[in-house]
Structure formats: structure tokens, C-alpha cells
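Written below as C-alpha cells is the structure these notes are about.
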Amino acid sequence: MSNELIQFTLICTFFVLLIIALNPVPLGGRSRLFVKLIRTILFIFGLYLMFKAYTIYSIYLNGVDGDGIGIYLGPIEINDTALTKDLPFYAIKFAISGLALVIIPITTKLFRDI
């Protein structure tokens with residue numbers, strides 16, 4: 001499978017998980033445990049993305065041998081030849097995505113229990 005297809009599949013999967021986390025009503029009686037599981041998964045993945053942003057930015061600050069590095073998200077290659085000057089841009093993208101995935105489960109938990 002191509003990288004674009006894998007990335008598209010992952011994006012669609014996360015949108016479905018976000019929709020379920022924000023609106024668990026259609027799931028029926030056992031939805032509480034399922035929504036808690038999805039919130040936990042989103043929270044952990046958000047922490048992973050923020051750690052990845054920290055790692056990329058620390059690589060940028062410490063210097064890179066050569067022109068650049070490869071950016072990977074788990075086994076998926078994001079960019080094989082990211083230039084050194086573009087590393088802060090990737091770090092900001094990972095940090096914003098991670099922060100969003102950490103905030104969404106927390107706020108849905110807070111507002112559901114009110």
C-alpha cells in the first residue's frame with residue numbers, strides 16, 4: 001500500500017474516533033466503556049505526538065549531520081528528506097496536533113459530567 005493511502009486511512013479513523021468521543025449517544029447502553037477507551041487512546045496518542053514534537057525540536061537545536069533527516073510517525077514515513085530549516089515547522093505541526101488530541105478527551109469528559 002502506498003504511504004498516501006495509509007495516511008488517508010489513519011486520518012479517517014481518527015475522525016471517526018473523534019466523532020464517537022464527542023457524541024456517544026448512538027452507541028447504545030455499553031457506550032460509556034467504549035467512549036472511555038476512545039478518550040484514553042486519543043489522549044495517549046496526543047501525548048505521543050507532543051513527545052515527537054519535542055524530539056524533533058531537540059534534534060533541530062542539537063544540529064543535524066548533513067542536509068536533513070527523515071520524519072517518521074511510527075512506521076509511517078512523513079518525509080524522507082526534511083531539511084534542517086524545516087524541522088521547527090514539523091515540530092509545531094506535531095505539537096499542535098498532540099495538544100488538540102489531549103484537550104479533546106479532557107474537555108469532553110468535563111462537559112459530559114456536568
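Lettering and numbering for the C-alpha cells are positional, with chains as A, B, ... in the shown order, residues counted from 1 in each chain, and ligands counted from 1 in the shown order.
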### A:Lys85 environment, 12 Å, only C-alpha atoms, sequence neighbours closer than 3 positions dropped, as an NGL selection string
:A and (56-57 or 59-61 or 63-64 or 66-69 or 81-82 or 88-91)
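Closest to A:Ser97 among A:Ile44, A:Leu17, A:Leu33, A:Met50 is A:Met50, based on only C-alpha atoms.
What separates atom CA of A:Phe51 from atom CA of A:Leu87 is a distance of 14.4 Å.
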### Summary
Separating atom CA of A:Thr108 from atom CA of A:Thr13, to the nearest tenth of an Å, is a gap of 18.7 Å
### Query
Could you pull the residues within 8 Å of A:Leu42, counting only C-alpha atoms, minus those fewer than 2 positions along the same chain, as a ChimeraX atom specification?
/A:38-40,44-46,101-102,105
Produce a file of the selected residues containing N, CA and C atoms, as a CSV table (one decimal), in the first residue's frame.
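Writing done, so here's result_34.csv:
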chain,number,residue,atom,x,y,z
A,38,ILE,N,-11.9,5.1,23.9
A,38,ILE,CA,-11.5,6.0,22.8
A,38,ILE,C,-10.8,7.3,23.4
A,39,ARG,N,-11.4,7.8,24.5
A,39,ARG,CA,-10.7,9.0,25.1
A,39,ARG,C,-9.3,8.7,25.5
A,40,THR,N,-9.1,7.5,26.1
A,40,THR,CA,-7.8,7.2,26.6
A,40,THR,C,-6.9,7.0,25.4
A,44,ILE,N,-3.5,9.3,24.8
A,44,ILE,CA,-2.1,8.7,24.8
A,44,ILE,C,-1.5,9.0,23.4
A,45,PHE,N,-2.2,9.0,22.3
A,45,PHE,CA,-1.7,9.3,21.0
A,45,PHE,C,-1.3,10.8,21.0
A,46,GLY,N,-2.1,11.7,21.7
A,46,GLY,CA,-1.7,13.1,21.7
A,46,GLY,C,-0.4,13.3,22.5
A,101,LEU,N,-5.3,16.6,20.5
A,101,LEU,CA,-5.8,15.3,20.8
A,101,LEU,C,-5.7,15.1,22.4
A,102,VAL,N,-5.0,15.9,23.1
A,102,VAL,CA,-5.0,15.8,24.5
A,102,VAL,C,-6.2,16.6,25.1
A,105,PRO,N,-10.2,14.9,24.6
A,105,PRO,CA,-10.8,14.0,25.6
A,105,PRO,C,-11.0,14.6,27.0
### Test item, strand (DSSP E) assignment across stretch 7-96 of chain A, answer as a VMD selection string
chain A and resid 68 to 73 76 to 83
Suppose we keep N, CA and C atoms; can you now write the selection as a tab-separated table (two decimals), in the first residue's frame?
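New file selection17.tsv:
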chain	number	residue	atom	x	y	z
A	68	GLY	N	19.55	17.09	6.19
A	68	GLY	CA	18.30	16.93	6.92
A	68	GLY	C	18.14	15.52	7.45
A	69	ILE	N	16.92	15.23	7.88
A	69	ILE	CA	16.63	13.91	8.45
A	69	ILE	C	15.30	13.41	7.88
A	70	GLY	N	14.97	12.18	8.18
A	70	GLY	CA	13.68	11.61	7.83
A	70	GLY	C	12.72	11.78	9.00
A	71	ILE	N	11.48	12.16	8.70
A	71	ILE	CA	10.46	12.34	9.73
A	71	ILE	C	9.51	11.14	9.63
A	72	TYR	N	9.37	10.42	10.73
A	72	TYR	CA	8.51	9.24	10.77
A	72	TYR	C	7.51	9.37	11.90
A	73	LEU	N	6.31	8.87	11.68
A	73	LEU	CA	5.30	8.77	12.73
A	73	LEU	C	5.01	7.28	12.89
A	76	ILE	N	5.19	4.94	9.70
A	76	ILE	CA	4.80	5.69	8.50
A	76	ILE	C	5.80	6.81	8.25
A	77	GLU	N	6.30	6.86	7.04
A	77	GLU	CA	7.25	7.90	6.66
A	77	GLU	C	6.48	9.16	6.28
A	78	ILE	N	6.72	10.26	6.99
A	78	ILE	CA	6.08	11.53	6.66
A	78	ILE	C	6.89	12.25	5.58
A	79	ASN	N	8.19	12.36	5.81
A	79	ASN	CA	9.08	12.98	4.83
A	79	ASN	C	10.45	12.35	4.98
A	80	ASP	N	10.98	11.84	3.89
A	80	ASP	CA	12.26	11.14	3.95
A	80	ASP	C	13.43	12.11	4.01
A	81	THR	N	13.28	13.28	3.43
A	81	THR	CA	14.38	14.24	3.38
A	81	THR	C	13.91	15.61	3.86
A	82	ALA	N	13.58	15.71	5.13
A	82	ALA	CA	13.17	17.01	5.69
A	82	ALA	C	14.42	17.84	5.93
A	83	LEU	N	14.45	19.02	5.36
A	83	LEU	CA	15.60	19.89	5.52
A	83	LEU	C	15.70	20.38	6.97
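Our summary of the geometry notes that atom CA of A:Arg32 is positioned 14.7 Å from atom CA of A:Leu18.
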### Query
Could you name the residues that touch A:Leu49 at 8 Å or less, counting only C-alpha atoms, but leaving out those on the same chain fewer than 5 positions away, as an MDAnalysis selection string?
chainID A and resid 94:95 97:98
Restricting the output to C-alpha atoms, write the selected residues as a compact mmCIF listing (two decimals), in the first residue's frame.
# COMPACT_ATOMS: atom_id res chain seq x y z
CA PHE A 94 3.19 17.65 15.79
CA ALA A 95 2.79 19.81 18.92
CA SER A 97 -1.91 18.00 16.71
CA GLY A 98 -0.87 16.44 20.01
